[in-house]
>>> print(open('query.cif').read())   # mmCIF, C-alpha atoms
data_my_file
#
loop_
_atom_site.label_atom_id
_atom_site.label_comp_id
_atom_site.auth_asym_id
_atom_site.auth_seq_id
_atom_site.Cartn_x
_atom_site.Cartn_y
_atom_site.Cartn_z
CA MET A 11 88.66 283.05 224.23
CA ILE A 12 90.05 284.53 221.07
CA LYS A 13 89.25 282.79 217.82
CA TYR A 14 92.31 282.91 215.60
CA ASP A 15 91.29 284.41 212.25
CA LYS A 16 92.91 282.18 209.64
CA THR A 17 91.14 283.96 206.80
CA ALA A 18 93.26 287.05 207.44
CA ARG A 19 96.23 285.09 206.14
CA PHE A 20 94.76 284.08 202.78
CA MET A 21 96.25 286.96 200.82
CA PRO A 22 99.93 286.66 201.88
CA ILE A 23 99.93 282.93 201.12
CA MET A 24 98.28 283.30 197.72
CA SER A 25 100.60 286.14 196.70
CA SER A 26 103.60 284.05 197.72
CA LEU A 27 102.44 281.04 195.72
CA TRP A 28 101.38 283.17 192.74
CA SER A 29 104.58 285.22 192.51
CA ARG A 30 107.09 282.47 193.36
CA TYR A 31 105.84 279.53 191.30
CA ILE A 32 104.13 280.96 188.22
CA HIS A 33 105.45 279.36 185.01
CA VAL A 34 107.82 281.71 183.17
CA LYS A 35 108.00 281.19 179.44
CA PRO A 36 110.36 283.46 177.51
CA ALA A 37 108.81 285.44 174.69
CA SER A 38 109.62 284.31 171.21
CA ASP A 39 110.44 287.88 170.15
CA PRO A 40 113.31 289.34 172.23
CA ASP A 41 112.87 292.77 170.61
CA ALA A 42 109.26 292.90 171.77
CA VAL A 43 110.33 292.06 175.32
CA GLU A 44 112.96 294.79 175.26
CA GLU A 45 110.42 297.31 173.95
CA VAL A 46 107.92 296.46 176.71
CA ALA A 47 110.63 296.68 179.37
CA SER A 48 111.96 300.02 178.16
CA GLN A 49 108.52 301.58 177.73
CA SER A 50 107.30 300.43 181.12
CA SER A 51 110.48 301.70 182.72
CA SER A 52 110.09 305.09 181.12
CA ALA A 53 106.42 305.17 182.07
CA GLY A 54 107.38 306.62 185.42
CA GLY A 55 106.64 304.80 188.65
CA LEU A 56 107.83 306.03 192.01
CA GLY A 57 111.42 305.52 190.89
CA SER A 58 114.22 304.54 193.25
CA HIS A 59 112.54 305.86 196.39
CA LEU A 60 113.22 303.08 198.94
CA GLY A 61 116.22 303.68 201.20
CA VAL A 62 117.74 301.66 204.04
CA VAL A 63 114.98 302.51 206.53
CA SER A 64 112.11 301.77 204.13
CA CYS A 65 113.73 298.51 202.96
CA THR A 66 114.29 297.45 206.56
CA LEU A 67 110.67 298.19 207.47
CA LEU A 68 109.47 296.52 204.25
CA ILE A 69 111.06 293.24 205.28
CA VAL A 70 110.28 293.52 208.99
CA GLY A 71 106.67 294.20 208.03
CA ARG A 72 106.68 291.12 205.81
CA ILE A 73 108.42 288.76 208.25
CA ILE A 74 106.41 289.73 211.33
CA GLY A 75 102.97 288.47 210.42
CA THR A 76 100.68 286.38 212.58
CA GLY A 77 103.16 283.50 213.01
CA ILE A 78 105.05 284.76 216.07
CA PHE A 79 101.74 285.35 217.87
CA SER A 80 100.30 281.90 217.17
CA THR A 81 102.71 279.18 215.96
CA PRO A 82 104.94 278.77 219.07
CA SER A 83 102.36 276.37 220.56
CA SER A 84 102.32 274.05 217.51
CA ILE A 85 106.12 274.19 217.29
CA LEU A 86 106.34 273.22 220.96
CA SER A 87 103.97 270.30 220.31
CA SER A 88 106.13 269.12 217.39
CA THR A 89 109.47 269.38 219.19
CA GLY A 90 108.23 268.04 222.53
CA SER A 91 110.24 270.35 224.79
CA VAL A 92 110.86 274.02 225.52
CA GLY A 93 114.60 273.72 224.93
CA ALA A 94 114.20 272.02 221.55
CA SER A 95 111.61 274.58 220.54
CA LEU A 96 113.94 277.50 221.34
CA LEU A 97 116.82 275.77 219.53
CA LEU A 98 114.62 275.37 216.47
CA TRP A 99 113.86 279.10 216.46
CA VAL A 100 117.61 279.72 216.58
CA LEU A 101 118.17 277.20 213.77
CA GLY A 102 115.46 278.92 211.74
CA SER A 103 117.26 282.24 212.10
CA ILE A 104 120.59 280.67 211.05
CA LEU A 105 118.99 279.12 207.95
CA SER A 106 117.31 282.42 207.16
CA PHE A 107 120.63 284.26 207.41
CA CYS A 108 122.24 281.68 205.10
CA GLY A 109 119.44 282.21 202.60
CA LEU A 110 119.73 285.98 202.99
CA PHE A 111 123.46 285.93 202.19
CA ILE A 112 122.78 283.82 199.07
CA TRP A 113 120.17 286.31 197.94
CA LEU A 114 122.55 289.18 198.71
CA GLU A 115 125.04 287.69 196.26
CA PHE A 116 122.36 287.40 193.58
CA GLY A 117 120.87 290.80 194.37
CA THR A 118 124.19 292.63 194.20
CA MET A 119 125.13 290.81 190.97
CA PHE A 120 121.76 291.51 189.34
CA PRO A 121 120.20 294.58 191.04
CA LYS A 122 116.84 294.33 189.28
CA SER A 123 113.29 293.71 190.46
CA GLY A 124 111.83 290.24 190.16
CA GLY A 125 113.43 287.93 192.74
CA GLU A 126 113.53 284.38 191.35
CA LYS A 127 112.67 285.76 187.90
CA VAL A 128 116.02 287.56 187.79
CA VAL A 129 117.85 284.38 188.83
CA THR A 130 116.15 282.38 186.07
CA ALA A 131 116.96 285.11 183.55
CA SER A 132 120.65 284.88 184.51
CA GLY A 133 120.71 281.50 182.76
CA CYS A 134 121.39 279.26 185.75
CA ILE A 135 117.84 277.93 186.21
CA HIS A 136 115.12 277.13 183.67
CA PRO A 137 111.77 276.81 185.50
CA ARG A 138 108.94 274.47 184.56
CA PRO A 139 105.20 274.77 185.43
CA ALA A 140 104.92 274.64 188.61
CA GLY A 141 86.12 289.35 220.84
CA LYS A 142 82.93 288.46 219.01
CA THR A 143 83.13 285.26 217.09
CA ALA A 144 82.78 285.98 213.40
CA THR A 145 80.92 283.71 211.03
CA THR A 146 82.78 282.02 208.19
CA TRP A 147 81.16 284.26 205.59
CA SER A 148 81.78 287.44 207.56
CA GLU A 149 85.45 286.46 207.77
CA ARG A 150 85.52 285.93 204.01
CA GLY A 151 83.79 289.26 203.49
CA ILE A 152 86.39 291.04 205.62
CA ALA A 153 89.20 289.29 203.74
CA LEU A 154 87.75 290.32 200.38
CA GLY A 155 87.27 293.88 201.62
CA VAL A 156 90.89 294.04 202.78
CA ILE A 157 92.38 292.76 199.53
CA PHE A 158 90.26 295.19 197.45
CA PHE A 159 91.21 298.06 199.79
CA VAL A 160 94.92 297.23 199.54
CA THR A 161 94.72 296.97 195.74
CA ILE A 162 93.16 300.43 195.49
CA LEU A 163 95.59 301.82 198.08
CA HIS A 164 98.72 300.71 196.20
CA GLY A 165 97.20 301.27 192.76
CA LEU A 166 95.93 304.83 193.18
CA THR A 167 97.85 306.26 196.16
CA PRO A 168 101.19 304.36 196.14
CA GLN A 169 103.06 306.81 198.39
CA THR A 170 100.35 306.57 201.04
CA GLY A 171 100.57 302.79 200.75
CA VAL A 172 104.29 302.84 201.49
CA ARG A 173 103.75 305.15 204.49
CA ILE A 174 101.05 302.90 205.96
CA MET A 175 103.28 299.89 205.33
CA ASN A 176 106.12 301.52 207.29
CA ILE A 177 103.83 302.63 210.12
CA LEU A 178 102.40 299.12 210.58
CA ALA A 179 105.89 297.61 210.49
CA ALA A 180 106.99 299.99 213.27
CA PHE A 181 103.83 299.06 215.19
CA LYS A 182 104.69 295.35 214.97
CA ILE A 183 108.18 296.02 216.31
CA ALA A 184 106.71 298.05 219.18
CA ILE A 185 104.28 295.24 220.12
CA LEU A 186 107.03 292.60 220.16
CA VAL A 187 109.30 294.89 222.18
CA PHE A 188 106.45 295.32 224.68
CA ILE A 189 106.05 291.52 224.94
CA VAL A 190 109.82 291.07 225.37
CA VAL A 191 110.07 293.72 228.11
CA SER A 192 107.01 292.27 229.86
CA GLY A 193 108.73 288.87 229.72
CA TRP A 194 111.77 290.31 231.48
CA VAL A 195 109.49 291.65 234.23
CA VAL A 196 107.87 288.22 234.55
CA LEU A 197 111.29 286.55 234.85
CA SER A 198 112.25 289.04 237.56
CA GLY A 199 109.41 287.65 239.72
CA ARG A 200 107.49 290.91 239.99
CA THR A 201 104.22 289.59 238.58
CA SER A 202 101.57 287.11 239.67
CA ILE A 203 103.26 284.26 237.75
CA GLN A 204 104.16 281.71 240.42
CA ASP A 205 107.30 280.16 238.94
CA PRO A 206 108.46 281.95 235.74
CA HIS A 207 111.62 279.80 235.52
CA ALA A 208 109.84 276.43 235.60
CA ASN A 209 109.97 275.83 231.82
CA PHE A 210 113.72 276.49 231.73
CA ARG A 211 114.60 273.76 234.24
CA ASN A 212 115.24 270.47 232.45
CA ALA A 213 114.24 272.31 229.30
CA PHE A 214 115.01 269.41 226.96
CA VAL A 215 112.95 266.74 228.75
CA GLY A 216 110.49 265.16 226.33
CA SER A 217 112.29 266.28 223.16
CA SER A 218 111.10 264.51 220.02
CA THR A 219 113.60 262.39 218.08
CA SER A 220 111.37 262.08 215.00
CA SER A 221 112.81 263.49 211.77
CA ASN A 222 109.26 263.95 210.52
CA SER A 223 108.30 266.11 213.51
CA CYS A 224 111.55 268.08 213.26
CA ALA A 225 110.97 268.80 209.57
CA THR A 226 107.35 269.77 210.17
CA ALA A 227 108.31 272.15 213.00
CA THR A 228 111.15 273.62 210.92
CA PHE A 229 108.69 274.42 208.12
CA LYS A 230 106.58 276.34 210.63
CA VAL A 231 109.57 278.26 211.98
CA LEU A 232 110.81 279.11 208.48
CA ASN A 233 107.31 280.23 207.57
CA ALA A 234 107.43 282.65 210.50
CA TYR A 235 110.77 284.00 209.19
CA ALA A 236 109.58 284.07 205.56
CA GLY A 237 109.96 287.33 203.68
CA TRP A 238 113.63 288.22 204.20
CA SER A 239 114.23 288.15 200.42
CA ASN A 240 111.39 290.50 199.48
CA VAL A 241 113.59 293.52 198.76
CA ASN A 242 115.05 291.51 195.87
CA TYR A 243 111.62 291.64 194.25
CA VAL A 244 111.55 295.47 194.16
CA LEU A 245 115.19 296.44 193.53
CA ASN A 246 114.17 298.81 190.72
CA ASN A 247 112.55 300.92 193.44
CA VAL A 248 115.59 300.89 195.75
CA ARG A 249 118.10 303.73 195.98
CA ASN A 250 121.69 302.50 195.57
CA PRO A 251 120.49 298.87 195.66
CA VAL A 252 123.87 297.22 196.29
CA ARG A 253 124.68 299.35 199.34
CA THR A 254 121.08 299.24 200.62
CA LEU A 255 120.89 295.45 200.35
CA LYS A 256 124.17 294.93 202.19
CA ILE A 257 123.07 297.18 205.07
CA SER A 258 119.34 296.55 205.39
CA GLY A 259 119.51 292.76 204.84
CA PRO A 260 121.37 291.68 208.00
CA LEU A 261 119.79 294.55 209.95
CA ARG A 262 116.18 293.61 209.21
CA LEU A 263 116.65 289.88 209.79
CA GLY A 264 118.72 290.53 212.92
CA ILE A 265 115.90 292.63 214.39
CA CYS A 266 113.32 289.92 213.71
CA THR A 267 115.55 287.12 215.05
CA LEU A 268 116.22 288.92 218.33
CA LEU A 269 112.54 289.79 218.83
CA TYR A 270 111.34 286.29 217.92
CA ILE A 271 113.63 284.42 220.30
CA LEU A 272 113.05 286.82 223.19
CA ALA A 273 109.28 286.75 222.59
CA ASN A 274 109.35 282.95 222.85
CA VAL A 275 111.27 283.23 226.12
CA ALA A 276 108.57 285.61 227.35
CA TYR A 277 105.81 283.16 226.36
CA PHE A 278 107.53 280.27 228.17
CA ALA A 279 108.07 282.42 231.26
CA ALA A 280 104.41 283.37 231.52
CA ALA A 281 102.76 279.97 230.96
CA THR A 282 103.46 276.33 231.63
CA LYS A 283 104.33 273.93 228.83
CA THR A 284 100.93 272.22 229.18
CA GLU A 285 99.07 275.54 229.05
CA ILE A 286 100.81 276.53 225.82
CA GLU A 287 100.25 273.16 224.14
CA ASP A 288 96.58 272.96 225.19
CA SER A 289 95.69 276.65 224.93
CA GLY A 290 93.83 276.43 221.61
CA VAL A 291 94.22 280.20 221.22
CA THR A 292 96.83 282.61 219.99
CA VAL A 293 99.83 282.20 222.32
CA ALA A 294 100.09 285.98 222.71
CA ALA A 295 96.53 285.94 224.11
CA LEU A 296 97.54 283.39 226.74
CA PHE A 297 100.55 285.55 227.60
CA PHE A 298 98.44 288.69 228.09
CA LYS A 299 95.83 286.78 230.07
CA ASN A 300 98.38 285.32 232.50
CA VAL A 301 100.39 288.51 232.91
CA PHE A 302 97.77 291.29 232.72
CA GLY A 303 94.50 289.55 233.52
CA THR A 304 91.48 288.19 231.66
CA THR A 305 90.46 291.58 230.26
CA ALA A 306 93.81 292.02 228.51
CA GLU A 307 93.33 288.68 226.70
CA ARG A 308 91.40 290.49 223.96
CA ALA A 309 94.23 292.88 223.11
CA PRO A 310 96.22 290.41 220.93
CA SER A 311 93.24 290.03 218.59
CA VAL A 312 93.81 293.67 217.59
CA PHE A 313 97.57 293.09 217.29
CA VAL A 314 97.08 290.02 215.09
CA ALA A 315 94.55 291.84 212.89
CA LEU A 316 96.84 294.85 212.34
CA SER A 317 99.83 292.56 211.87
CA ALA A 318 97.94 290.58 209.22
CA LEU A 319 96.88 293.82 207.51
CA GLY A 320 100.48 295.03 207.42
CA ASN A 321 101.54 291.68 205.99
CA VAL A 322 98.89 291.88 203.25
CA ILE A 323 99.90 295.45 202.34
CA THR A 324 103.59 294.49 202.15
CA VAL A 325 103.06 291.29 200.16
CA THR A 326 100.72 293.03 197.72
CA PHE A 327 103.24 295.85 197.16
CA VAL A 328 105.91 293.29 196.27
CA ALA A 329 103.74 290.85 194.28
CA ALA A 330 102.45 293.57 191.95
CA ARG A 331 105.98 294.51 190.95
CA VAL A 332 106.93 290.87 190.38
CA ASN A 333 103.88 290.51 188.11
CA GLN A 334 104.96 293.64 186.24
CA GLU A 335 108.47 292.27 185.77
CA LEU A 336 107.03 288.99 184.46
CA ALA A 337 104.98 290.96 181.91
CA LYS A 338 108.15 292.77 180.84
CA GLU A 339 109.77 289.39 180.19
CA GLY A 340 107.16 288.66 177.53
CA ILE A 341 104.91 286.05 179.16
CA PRO A 342 101.96 285.69 176.76
CA LEU A 343 99.05 287.47 178.46
CA PRO A 344 95.62 288.61 177.27
CA LEU A 345 95.59 292.22 176.01
CA GLY A 346 99.36 292.12 175.44
CA ASN A 347 102.42 292.53 177.65
CA LYS A 348 102.55 296.31 177.27
CA PHE A 349 99.12 296.52 178.92
CA TRP A 350 100.16 294.58 182.05
CA ALA A 351 103.65 296.12 182.32
CA SER A 352 102.47 299.72 182.40
CA ASN A 353 102.08 302.06 185.39
CA TRP A 354 98.61 303.24 184.38
CA PRO A 355 96.74 305.31 185.59
CA THR A 356 98.93 307.23 188.06
CA GLY A 357 102.27 306.59 186.35
CA LYS A 358 103.59 305.66 189.80
CA SER A 359 102.26 302.16 190.50
CA PRO A 360 101.53 298.97 188.51
CA LEU A 361 97.76 298.85 189.05
CA ARG A 362 97.39 296.11 186.46
CA GLY A 363 100.04 294.03 188.23
CA LEU A 364 97.96 294.49 191.38
CA ILE A 365 94.90 293.19 189.53
CA VAL A 366 96.84 290.06 188.49
CA HIS A 367 97.56 289.54 192.21
CA LEU A 368 93.94 290.29 193.15
CA ILE A 369 92.36 287.66 190.90
CA PRO A 370 93.73 284.45 192.55
CA SER A 371 93.18 285.96 196.00
CA VAL A 372 89.48 286.55 195.26
CA ILE A 373 89.16 283.02 193.88
CA VAL A 374 90.78 281.27 196.87
CA ILE A 375 89.41 283.33 199.78
CA PRO A 376 85.96 281.64 199.69
CA MET A 377 87.63 278.20 199.62
CA SER A 378 88.02 277.89 203.38
CA VAL A 379 88.42 274.11 203.17
CA ALA A 380 91.46 274.45 200.91
CA TYR A 381 93.20 277.03 203.08
CA PRO A 382 94.65 274.72 205.79
CA PHE A 383 96.01 272.43 203.08
CA ILE A 384 97.66 275.36 201.29
CA LEU A 385 99.15 276.55 204.58
CA ASP A 386 100.56 273.12 205.38
CA VAL A 387 102.16 272.43 202.00
CA LYS A 388 103.29 275.92 200.90
CA GLY A 389 106.67 275.55 202.59
CA TYR A 390 107.58 272.42 200.65
CA PRO A 391 107.80 273.91 197.11
CA MET A 392 109.76 276.80 198.60
CA GLN A 393 112.46 274.35 199.65
CA ILE A 394 112.56 272.92 196.12
CA ILE A 395 113.05 276.44 194.78
CA ASN A 396 115.71 277.13 197.43
CA PHE A 397 117.54 273.94 196.39
CA PHE A 398 117.76 275.08 192.78
CA ILE A 399 118.69 278.62 193.81
CA VAL A 400 121.78 277.31 195.62
CA VAL A 401 122.59 274.99 192.72
CA GLY A 402 122.31 278.01 190.45
CA LEU A 403 124.68 279.98 192.69
CA PHE A 404 127.42 277.36 192.36
CA TYR A 405 126.69 276.98 188.65
CA LEU A 406 127.27 280.71 188.10
CA ARG A 407 130.49 280.61 190.10
CA TRP A 408 131.68 277.76 187.91
CA LYS A 409 130.53 279.12 184.55
CA LYS A 410 131.04 282.85 185.19
CA PRO A 411 133.84 283.14 187.76
CA HIS A 412 134.81 286.64 186.59
CA LEU A 413 131.31 288.10 187.02
CA GLU A 414 131.43 291.09 189.39
CA ARG A 415 130.18 290.13 192.84
CA PRO A 416 129.94 293.08 195.28
CA PHE A 417 128.93 290.54 197.95
CA LYS A 418 130.03 286.90 198.02
CA VAL A 419 128.50 284.39 200.41
CA TRP A 420 130.94 282.10 202.24
CA TRP A 421 130.51 278.75 200.46
CA PRO A 422 130.10 276.59 203.63
CA LEU A 423 126.97 278.64 204.44
CA ALA A 424 125.58 277.92 200.98
CA VAL A 425 126.35 274.20 201.39
CA PHE A 426 124.64 274.16 204.81
CA TYR A 427 121.58 275.86 203.31
CA LEU A 428 121.57 273.33 200.47
CA ALA A 429 121.79 270.41 202.92
CA ALA A 430 118.92 271.87 204.97
CA ALA A 431 116.79 272.18 201.83
CA VAL A 432 117.48 268.52 201.00
CA PHE A 433 116.53 267.43 204.53
CA LEU A 434 113.32 269.48 204.42
CA MET A 435 112.40 267.88 201.10
CA ILE A 436 112.97 264.37 202.47
CA GLY A 437 111.99 264.77 206.15
CA PRO A 438 108.19 265.01 205.71
CA PHE A 439 108.18 261.61 203.96
CA LEU A 440 109.92 259.83 206.85
CA PRO A 441 107.45 257.99 209.11
CA PRO A 442 106.86 259.68 212.51
CA THR A 443 107.93 257.71 215.58
CA ASN A 444 104.39 257.44 216.94
CA GLY A 445 102.89 256.68 213.52
CA VAL A 446 100.84 259.89 213.58
CA GLY A 447 101.84 262.87 211.45
CA ASN A 448 101.70 266.46 212.64
CA SER A 449 100.82 269.09 210.07
#
>>> encode(input="query.cif", output="structure tokens")
Amino acid sequence: MIKYDKTARFMPIMSSLWSRYIHVKPASDPDAVEEVASQSSSAGGLGSHLGVVSCTLLIVGRIIGTGIFSTPSSILSSTGSVGASLLLWVLGSILSFCGLFIWLEFGTMFPKSGGEKVVTASGCIHPRPAGKTATTWSERGIALGVIFFVTILHGLTPQTGVRIMNILAAFKIAILVFIVVSGWVVLSGRTSIQDPHANFRNAFVGSSTSSNSCATATFKVLNAYAGWSNVNYVLNNVRNPVRTLKISGPLRLGICTLLYILANVAYFAAATKTEIEDSGVTVAALFFKNVFGTTAERAPSVFVALSALGNVITVTFVAARVNQELAKEGIPLPLGNKFWASNWPTGKSPLRGLIVHLIPSVIVIPMSVAYPFILDVKGYPMQIINFFIVVGLFYLRWKKPHLERPFKVWWPLAVFYLAAAVFLMIGPFLPPTNGVGNS
């Protein structure tokens, strides 16, 4: 059996919470903010070095984490049927595309690094505070070693960090393609799987009608798709950001959507519904065991580890630049904003922004009890932020209709995304049909 290493996912979650919900307070001296921003910009950095391929791999590397290898079983348990589970993965992709198009409009209007920080600076939103089984301590030690390694990698050798990030993203794509192709072979009946089409007959039998379960499962699906907006956080490093966003955005999310849905089909072809729900292991491990034999069951542990590493490297790359942009905005910080906004010592990477990201990761990694709670609730504040992002979009269209918009999202898509955010904010509070919640 493969023990799923939850600790490997500490760093992406902490960076997401740290960079997305930190309280932004404008500096009282606008001239000081402008000076910090101009000096940090002229300090060097890698410049606009990310093109369409690198941006595509940046997001693919961020989206494809450990979720697609593990969460399909819990999503199946929440939805109650194979058909509903597959539909939810499709719905998750549609919602992600709606969100992507909204962010494309913001990103092409304001092609600057910072993500939500840029949106708040536009004046539409004003944020408020907001297989050997490892021991627990060895897992924590590995997690700490990884986050320190990634900090040094991006801080001292930023170009090497980008290369490794791209290589691991390509590796993730290759693994999912292998699973998808293997699934096709299983469906063709050329393997030892007795009845690969069993799960697709009467696929919707047993579907849950609980709004609570639907909302909970949707959070898990959206968490697996999370990361499609990450290029917006590093637009200062993107060549021709408007063109690159418009090309790489749909491309990167389209790749992940296709691979995710087909990978789920492969999982359902290789194992029964009961096996997947009761597996207790990474679903990919069950797939490899059933298709390639017991020995192959260990292979996904390597895939998940490398996938988690790639996710950490990608998230850290992005979070450091968000922290740097926040320092440029004049958030009162010890040692002064100029200190945290600089690209010292290489002139090519915000090492001090990486340290800001490192600190909360080091604090939370030993708190293994808190991790499951953070994982369960992290999707909820994201929906609150998404709600205000869409409200801000319509506010800008109303207040600044003549603002140049190289890309404009079709308003029904924005309304649908807004409605979904409202449902996901309300759904978890609705009582489940069986009286037992599913987190």
>>> resolve_selection(input="query.cif", expression="the PyMOL selection byres ((chain A and resi 58-67) around 7)", output="count of residues only")
16
>>> atom_distance(input="query.cif", atom1="atom CA of A:Ile85", atom2="atom CA of A:Leu197")
22.1 Å
>>> closest_residue(input="query.cif", among="A:Gly437, A:Leu428, A:Thr324, A:Ile341", to="A:Ile177", atoms="all atoms listed in the file")
A:Thr324
>>> closest_residue(input="query.cif", among="A:Lys182, A:Arg150, A:Arg308, A:Lys410", to="A:Asn321", atoms="all atoms listed in the file")
A:Lys182
>>> closest_residue(input="query.cif", among="A:Leu163, A:Ala225, A:Leu268, A:Val187", to="A:Phe439", atoms="only C-alpha atoms")
A:Ala225
>>> residues_around(input="query.cif", residues="A:Phe433", least_positions_apart="5", cutoff="12 Å", atoms="all atoms listed in the file", output="list in words")
Ser221, Asn222, Cys224, Ala225, Thr226, Thr228, Phe229, Tyr390, Gln393, Ile394, Phe397, Phe426, Tyr427, Leu428, Pro438, Phe439 and Leu440 of chain A
>>> residues_around(input="query.cif", residues="stretch 103-120 of chain A", least_positions_apart="3", cutoff="8 Å", atoms="all atoms listed in the file", output="ChimeraX atom specification")
/A:99-100,128-129,232,235,238-239,242,251-252,255-256,259-260,263,267,400,403,413-419,423-424,426-427,430
>>> resolve_selection(input="query.cif", expression="the PyMOL selection byres ((chain A and resi 216) around 6)", output="PyMOL selection string")
chain A and resi 90-91+215+217
>>> write_last_selection(input="query.cif", atoms="C-alpha atoms", output="PDB file, keeping the file's coordinate frame")
ATOM      1  CA  GLY A  90     108.230 268.040 222.530  1.00  0.00           C
ATOM      2  CA  SER A  91     110.240 270.350 224.790  1.00  0.00           C
ATOM      3  CA  VAL A 215     112.950 266.740 228.750  1.00  0.00           C
ATOM      4  CA  SER A 217     112.290 266.280 223.160  1.00  0.00           C
TER       5      SER A 217
END
>>> residues_around(input="query.cif", residues="A:Gly93", least_positions_apart="5", cutoff="10 Å", atoms="all atoms listed in the file", output="PDB file with C-alpha atoms, keeping the file's coordinate frame")
ATOM      1  CA  LEU A  86     106.340 273.220 220.960  1.00  0.00           C
ATOM      2  CA  LEU A  98     114.620 275.370 216.470  1.00  0.00           C
ATOM      3  CA  ASN A 209     109.970 275.830 231.820  1.00  0.00           C
ATOM      4  CA  PHE A 210     113.720 276.490 231.730  1.00  0.00           C
ATOM      5  CA  ARG A 211     114.600 273.760 234.240  1.00  0.00           C
ATOM      6  CA  ASN A 212     115.240 270.470 232.450  1.00  0.00           C
ATOM      7  CA  ALA A 213     114.240 272.310 229.300  1.00  0.00           C
ATOM      8  CA  PHE A 214     115.010 269.410 226.960  1.00  0.00           C
ATOM      9  CA  VAL A 215     112.950 266.740 228.750  1.00  0.00           C
ATOM     10  CA  GLY A 216     110.490 265.160 226.330  1.00  0.00           C
ATOM     11  CA  SER A 217     112.290 266.280 223.160  1.00  0.00           C
TER      12      SER A 217
END
>>> resolve_selection(input="query.cif", expression="the PyMOL selection byres ((chain A and resi 75) around 6)", output="CSV table (one decimal) with C-alpha atoms, in the coordinates of the input")
chain,number,residue,atom,x,y,z
A,73,ILE,CA,108.4,288.8,208.2
A,74,ILE,CA,106.4,289.7,211.3
A,76,THR,CA,100.7,286.4,212.6
A,77,GLY,CA,103.2,283.5,213.0
A,317,SER,CA,99.8,292.6,211.9
A,318,ALA,CA,97.9,290.6,209.2
A,321,ASN,CA,101.5,291.7,206.0
>>> atom_distance(input="query.cif", atom1="atom CA of A:Arg362", atom2="atom CA of A:Gly151")
22.8 Å
>>> atom_distance(input="query.cif", atom1="atom CA of A:Ala236", atom2="atom CA of A:Pro310")
21.3 Å
>>> residues_near_point(input="query.cif", point="(94.3, 302.3, 192.2)", cutoff="10 Å", atoms="only C-alpha atoms", output="tab-separated table (two decimals) with C-alpha atoms, in the coordinates of the input")
chain	number	residue	atom	x	y	z
A	158	PHE	CA	90.26	295.19	197.45
A	159	PHE	CA	91.21	298.06	199.79
A	160	VAL	CA	94.92	297.23	199.54
A	161	THR	CA	94.72	296.97	195.74
A	162	ILE	CA	93.16	300.43	195.49
A	163	LEU	CA	95.59	301.82	198.08
A	164	HIS	CA	98.72	300.71	196.20
A	165	GLY	CA	97.20	301.27	192.76
A	166	LEU	CA	95.93	304.83	193.18
A	167	THR	CA	97.85	306.26	196.16
A	168	PRO	CA	101.19	304.36	196.14
A	354	TRP	CA	98.61	303.24	184.38
A	355	PRO	CA	96.74	305.31	185.59
A	356	THR	CA	98.93	307.23	188.06
A	359	SER	CA	102.26	302.16	190.50
A	360	PRO	CA	101.53	298.97	188.51
A	361	LEU	CA	97.76	298.85	189.05
A	362	ARG	CA	97.39	296.11	186.46
A	364	LEU	CA	97.96	294.49	191.38
A	365	ILE	CA	94.90	293.19	189.53
>>> closest_atom_pairs(input="query.cif", of="stretch 232-282 of chain A", to="stretch 326-337 of chain A", cutoff="9 Å", atoms="only C-alpha atoms", output="CSV")
residue,atom,partner,partner_atom,distance
A:Asn240,CA,A:Val328,CA,6.9
A:Val241,CA,A:Val328,CA,8.1
A:Tyr243,CA,A:Val332,CA,6.1
A:Val244,CA,A:Val328,CA,6.4
